[in-house]
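J.: Encoded as structure tokens, here's the structure I'll be asking about.
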Amino acid sequence: MVEERHSAATAEEPMTAAERRQRRARVVQIALGCLWILDAALQFQPRMFGSGLVDNMMLPMAQGQPAPVTWSITNLAHLIRPDAGVWNFFFGALQLGIGVGMLFRRTVKPAIVAMAIWALGVWWFGEGFGMLFTGAASPLTGAPGAVLLYPLIGLLVWPTEHDANADVASGIASSAAATGPLGASAPLFAWSGFWVLSAVLWLFPDNRASGAIGAQITTAASGEPSWYAHFQTSVANALPHSGSALAWLLAGASLVIAAGPVLTRRPRPFLVAGVVLQALFWITGMALGAMLTGMGTDPNAAPLVALLAVAMVPTLRAVPVSSPGRVFMGRHPVAGATTSVVALAVLAISSTYPVAAASASASGGASQSSSSSMAGMAMGPRTSHTSHTAKGKMDMPGMNGQADPSWHYTGPALPTAEVSVLTTVYNETEKGHAMQTPNCTTAPTGAQTEAAMGLVQTTSAAVSKYKDLSAATAAGYVPITDTRYPVVHYLNFSYMRSGNVLDPDHVQSLVYAFTPYGPVLVAAMYLMPSQGDPGPMPGGCLTQWHAHTNLCSGGTGGLISGFQTNGVCPSGENPLMTPEMMHVWQVPVPGGPLTMDPTDQQIVEAAIMAQQDGQAPVSPGTPPPSLSGSFGT
């Protein structure tokens with residue numbers, strides 16, 4: 001009986017500080033494994049098995065990089081492209097293996113080693129080194145790269161043998177992050193280093209430019225559900241559109257969060273502040289890691305920063321006698337002083353480098369996802385979610401409708417007869433193509449860039465409900481061009497009012513391409529109420545308008561029936577000059593979402609690629625449109 005009572009008393013003894021620390025380290029390991037399993041599930045999404053893996057996730061990361069980095073990413077992307085589905089399965093399986101390995105004690109160490117190797121590869125080829133070399137990296141979108149935090153946390157909680165009854169120092173030294181072989185100082189270096197780097201990035205010229213932060217958020221809305229995109233754009237519109245005060249404020253907050261756990265004896269308030277700030281970034285600029293788009297591959301940095309904070313929470317309630325920084329300076333004064341001087345020097349350089357030295361078009365496109373959203377029109381996420389995108393500078397020639405040499409079609413070849421008709425009709429259309437602002441080449445200001453990006457995001461969110469053609473016809477859109485031609489324009493006559501100018505909720509016209517796999521919404525098209533009314537240009541030369549002057553109306557093929565010959569329409573038809581119009585493309589046409597006029601062949605090809613990537617609905621039973629009696633012939 002005495003022995004039983006002694007055993008019961010022993011079992012009821014509270015855990016020692018060392019045991020609590022080890023238990024929390026194990027919890028962090030399991031949580032890290034669950035995040036890897038989530039990443040694997042995201043990797044196995046259907047859209048990841050198509051060309052989107054290369055076109056939307058890898059190639060945008062090569063833009064704006066130093067030549068060696070561009071070369072390495074581009075070549076690997078071209079290697080993967082022919083068998084993208086097979087490679088994607090391998091990537092997903094590897095991540096699943098890492099996640100499962102973290103769940104079992106015996107396999108934690110090899111899982112962390114594999115995690116570190118894989119993370120380095122992803123940071124290089126999938127995140128373009130967090131876009132640090134481009135000058136466009138932003139903490140708001142996840143820079144310097146969420147993938148670096150996985151192995152960092154893994155190393156901090158690397159399984160080691162500890163005496164359950166050993167004395168444990170108070171403060172961060174009693175946390176789960178101090179159980180690994182790197183020691184009690186490692187989590188402090190990790191936390192402070194991350195936040196100091198965030199402060200440096202906030203002071204990059206691209207992030208200090210007027211309207212840059214709002215533009216990053218609106219860019220992140222690309223491809224998101226309409227309700228979420230509306231929330232993001234509303235937040236972006238509420239932010240200051242001029243000055244750099246917000247960037248300085250966020251840089252200051254980052255420095256306070258970095259220094260707090262080092263200079264004070266109570267780290268918890270600063271850990272909580274870091275988690276809260278990252279949560280705000282997560283729901284705005286990180287767009288929840290683009291997980292709602294079908295092309296997100298991880299939840300981005302915020303959940304990992306939260307996990308790092310949990311790992312750093314002291315398990316021993318006693319308050320240290322001195323702050324960690326004071327102790328470290330006492331033991332290593334030279335190292336401490338050198339580290340402080342280097343950090344201050346980097347901050348000074350980044351904060352004094354003039355905004356004017358950055359690209360004129362960069363001020364609103366600092367987010368890493370901007371290249372895929374604006375320049376390449378990747379309607380899914382802005383890549384690795386460091387953005388998603390996302391991820392470059394705007395291409396003014398491409399925005400002005402010039403051919404994009406990097407654009408190429410990856411779908412099945414179109415029939416020769418269809419190509420011939422598409423080319424003939426497009427060439428006739430171009431003969432009457434009249435720009436509202438000819439030769440507009442002025443580089444946009446930051447506010448104009450932001451406005452252009454916001455227009456793309458809000459328009460795309462508003463018309464997403466019309467991806468199904470039947471929804472558009474039910475809403476009052478009727479065809480105004482020949483429905484036998486593969487590209488058909490639909491008009492909502494009730495929206496042709498002066499109060500509906502550039503109103504995303506009242507887009508006057510929708511353009512559909514008919515492929516062998518069904519109709520695809522390829523563009524939303526704004527129209528001015530009447531001929532001769534100039535269209536507003538909130539994005540400067542990025543938002544140009546044009547009209548068509550050589551059309552005819554009144555034939556049996558539709559409201560617009562064909563083209564004038566030497567200024568004369570066929571008998572029974574009347575000359576027609578359209579009002580000014582502006583397209584917002586919903587498929588990845590060359591030149592970007594605001595390009596003037598890609599060729600009709602490119603429009604159809606882009607529609608097919610959108611269907612291949614899961615960005616547009618597919619109707620396998622829908623026959624291709626007839627080419628007999630083609631539009632304009």
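Every chain in the structure tokens takes a letter, A first, then B, and so on in the order presented; its residues are numbered from 1, and the ligands are numbered from 1 following the presented order.
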Quick one: residues within 10 Å of Asn500 in chain A, only C-alpha atoms counted, chain neighbours fewer than 4 positions away excluded, as a list in words?

T.: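 Using only C-alpha atoms, the neighbours found are Ser494, Tyr495, Met496, Pro504, Asp505, His506, Val507, Gln508, Tyr526, Leu527, Met528 and Pro529 of chain A.
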
J.: Identify, on the basis of only C-alpha atoms, every residue whose closest approach to Leu38 in chain A does not exceed 12 Å; exclude the query and any residue fewer than 5 positions from it along the same chain; express the result as a list of chain:residue names.

T.: A:Ala31, A:Leu32, A:Gly33, A:Gln43, A:Phe44, A:Gln45, A:Gly92, A:Ala93, A:Gln95, A:Leu96, A:Gly97, A:Ile98, A:Gly99, A:Val100, A:Gly289, A:Met291, A:Gly296, A:Thr297, A:Asp298, A:Pro299, A:Asn300, A:Pro303

J.: Keeping only C-alpha atoms, take the residues you just selected and write them out as a PDB file, in the first residue's frame.

T.:
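Listed below is the output, result32.pdb:
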ATOM      1  CA  ALA A  31       2.638  21.319 -36.307  1.00  0.00           C
ATOM      2  CA  LEU A  32       5.462  21.725 -38.814  1.00  0.00           C
ATOM      3  CA  GLY A  33       4.655  18.292 -40.207  1.00  0.00           C
ATOM      4  CA  GLN A  43       0.547  20.713 -54.652  1.00  0.00           C
ATOM      5  CA  PHE A  44      -1.898  17.982 -55.682  1.00  0.00           C
ATOM      6  CA  GLN A  45      -4.565  20.467 -56.796  1.00  0.00           C
ATOM      7  CA  GLY A  92       3.791  16.695 -53.903  1.00  0.00           C
ATOM      8  CA  ALA A  93       4.927  13.231 -52.849  1.00  0.00           C
ATOM      9  CA  GLN A  95       6.404  17.227 -49.409  1.00  0.00           C
ATOM     10  CA  LEU A  96       3.989  14.602 -48.133  1.00  0.00           C
ATOM     11  CA  GLY A  97       6.935  12.413 -47.133  1.00  0.00           C
ATOM     12  CA  ILE A  98       8.527  15.292 -45.211  1.00  0.00           C
ATOM     13  CA  GLY A  99       5.260  16.036 -43.434  1.00  0.00           C
ATOM     14  CA  VAL A 100       4.647  12.434 -42.423  1.00  0.00           C
ATOM     15  CA  GLY A 289      -1.077  32.190 -49.560  1.00  0.00           C
ATOM     16  CA  MET A 291      -4.897  29.006 -51.338  1.00  0.00           C
ATOM     17  CA  GLY A 296      -1.378  28.296 -54.038  1.00  0.00           C
ATOM     18  CA  THR A 297       1.306  25.863 -52.907  1.00  0.00           C
ATOM     19  CA  ASP A 298       1.756  26.928 -49.280  1.00  0.00           C
ATOM     20  CA  PRO A 299       0.034  29.207 -46.745  1.00  0.00           C
ATOM     21  CA  ASN A 300       2.889  31.738 -47.020  1.00  0.00           C
ATOM     22  CA  PRO A 303       1.530  30.891 -40.169  1.00  0.00           C
TER      23      PRO A 303
END

J.: Taking only C-alpha atoms into account, produce a table as a Markdown table in which each residue of range 58-163 of chain A with an atom at most 12 Å from an atom of range 218-227 of chain A appears once, together with its shortest atom pair and the distance in Å to one decimal, ordered by chain and rising number.

T.:
| residue | atom | partner | partner_atom | distance |
| --- | --- | --- | --- | --- |
| A:Leu140 | CA | A:Ala220 | CA | 9.9 |
| A:Thr141 | CA | A:Ala220 | CA | 8.0 |
| A:Gly142 | CA | A:Ala220 | CA | 11.3 |

J.: How would you write, as an MDAnalysis selection string, the set of residues in range 389-536 of chain A that DSSP gives as strand (DSSP E)?

T.: chainID A and resid 433:435 478:479 487:491 509:515 518:527

J.: Could you write out that same residue set with N, CA, C and O atoms as a CSV table (one decimal), in the first residue's frame?

T.:
chain,number,residue,atom,x,y,z
A,433,HIS,N,-8.6,50.5,-86.9
A,433,HIS,CA,-8.3,50.6,-85.4
A,433,HIS,C,-7.7,52.0,-85.2
A,433,HIS,O,-6.7,52.3,-85.6
A,434,ALA,N,-8.5,52.8,-84.4
A,434,ALA,CA,-8.1,54.2,-84.1
A,434,ALA,C,-7.9,54.4,-82.7
A,434,ALA,O,-8.8,54.2,-81.9
A,435,MET,N,-6.6,54.8,-82.3
A,435,MET,CA,-6.3,55.0,-80.9
A,435,MET,C,-6.9,56.3,-80.4
A,435,MET,O,-6.8,57.3,-81.1
A,478,VAL,N,-26.3,40.3,-75.2
A,478,VAL,CA,-26.7,39.7,-76.4
A,478,VAL,C,-25.6,39.9,-77.5
A,478,VAL,O,-24.8,40.8,-77.4
A,479,PRO,N,-25.5,38.9,-78.4
A,479,PRO,CA,-24.4,39.0,-79.4
A,479,PRO,C,-24.6,40.2,-80.3
A,479,PRO,O,-25.7,40.4,-80.8
A,487,VAL,N,-14.7,34.4,-82.2
A,487,VAL,CA,-14.6,35.4,-81.2
A,487,VAL,C,-15.9,36.3,-81.3
A,487,VAL,O,-16.1,36.9,-82.4
A,488,VAL,N,-16.7,36.3,-80.3
A,488,VAL,CA,-18.0,36.9,-80.4
A,488,VAL,C,-18.1,38.0,-79.3
A,488,VAL,O,-17.8,37.7,-78.1
A,489,HIS,N,-18.6,39.2,-79.6
A,489,HIS,CA,-18.8,40.3,-78.7
A,489,HIS,C,-20.3,40.3,-78.3
A,489,HIS,O,-21.2,40.2,-79.1
A,490,TYR,N,-20.5,40.4,-77.0
A,490,TYR,CA,-21.9,40.5,-76.4
A,490,TYR,C,-22.0,41.9,-75.8
A,490,TYR,O,-21.1,42.4,-75.1
A,491,LEU,N,-23.2,42.5,-75.9
A,491,LEU,CA,-23.4,43.8,-75.4
A,491,LEU,C,-24.7,43.8,-74.5
A,491,LEU,O,-25.7,43.2,-74.8
A,509,SER,N,-19.7,45.4,-72.3
A,509,SER,CA,-19.6,44.3,-73.3
A,509,SER,C,-18.7,43.2,-72.7
A,509,SER,O,-17.8,43.4,-71.9
A,510,LEU,N,-19.0,42.0,-73.1
A,510,LEU,CA,-18.2,40.8,-72.8
A,510,LEU,C,-17.8,40.1,-74.1
A,510,LEU,O,-18.6,40.0,-75.0
A,511,VAL,N,-16.6,39.6,-74.1
A,511,VAL,CA,-16.1,38.9,-75.3
A,511,VAL,C,-15.8,37.5,-75.0
A,511,VAL,O,-15.2,37.1,-74.0
A,512,TYR,N,-16.4,36.6,-75.8
A,512,TYR,CA,-16.2,35.1,-75.6
A,512,TYR,C,-15.5,34.5,-76.8
A,512,TYR,O,-15.7,34.9,-78.0
A,513,ALA,N,-14.6,33.6,-76.5
A,513,ALA,CA,-14.0,32.8,-77.6
A,513,ALA,C,-14.6,31.4,-77.5
A,513,ALA,O,-14.7,30.8,-76.5
A,514,PHE,N,-14.9,30.9,-78.7
A,514,PHE,CA,-15.5,29.6,-78.8
A,514,PHE,C,-14.4,28.6,-79.2
A,514,PHE,O,-13.9,28.7,-80.4
A,515,THR,N,-14.1,27.7,-78.4
A,515,THR,CA,-13.1,26.7,-78.7
A,515,THR,C,-13.8,25.3,-78.8
A,515,THR,O,-15.0,25.2,-78.5
A,518,GLY,N,-15.7,24.5,-75.5
A,518,GLY,CA,-16.7,25.3,-75.0
A,518,GLY,C,-16.3,26.8,-75.0
A,518,GLY,O,-15.2,27.2,-75.2
A,519,PRO,N,-17.3,27.7,-74.7
A,519,PRO,CA,-17.1,29.1,-74.7
A,519,PRO,C,-16.2,29.6,-73.5
A,519,PRO,O,-16.4,29.0,-72.4
A,520,VAL,N,-15.4,30.6,-73.8
A,520,VAL,CA,-14.5,31.1,-72.7
A,520,VAL,C,-14.7,32.6,-72.7
A,520,VAL,O,-14.6,33.3,-73.7
A,521,LEU,N,-14.9,33.2,-71.5
A,521,LEU,CA,-14.9,34.6,-71.3
A,521,LEU,C,-13.5,35.1,-71.4
A,521,LEU,O,-12.6,34.8,-70.6
A,522,VAL,N,-13.2,35.8,-72.5
A,522,VAL,CA,-11.8,36.2,-72.7
A,522,VAL,C,-11.6,37.7,-72.4
A,522,VAL,O,-10.4,38.1,-72.2
A,523,ALA,N,-12.6,38.5,-72.3
A,523,ALA,CA,-12.4,39.9,-72.0
A,523,ALA,C,-13.7,40.6,-71.5
A,523,ALA,O,-14.8,40.2,-71.9
A,524,ALA,N,-13.5,41.5,-70.6
A,524,ALA,CA,-14.5,42.5,-70.3
A,524,ALA,C,-14.2,43.7,-71.0
A,524,ALA,O,-13.0,44.1,-71.1
A,525,MET,N,-15.2,44.4,-71.7
A,525,MET,CA,-14.9,45.5,-72.5
A,525,MET,C,-15.8,46.7,-72.1
A,525,MET,O,-17.0,46.6,-72.1
A,526,TYR,N,-15.1,47.8,-71.7
A,526,TYR,CA,-15.8,49.0,-71.3
A,526,TYR,C,-16.0,49.8,-72.6
A,526,TYR,O,-15.2,49.9,-73.5
A,527,LEU,N,-17.2,50.4,-72.7
A,527,LEU,CA,-17.6,51.2,-73.8
A,527,LEU,C,-18.1,52.6,-73.3
A,527,LEU,O,-18.8,52.6,-72.3

J.: In terms of the shortest atom-to-atom distance over only C-alpha atoms, which of A:Ala173, A:Ala137, A:Val425, A:Leu250 is closest to Ala318 in chain A?

T.: A:Ala173
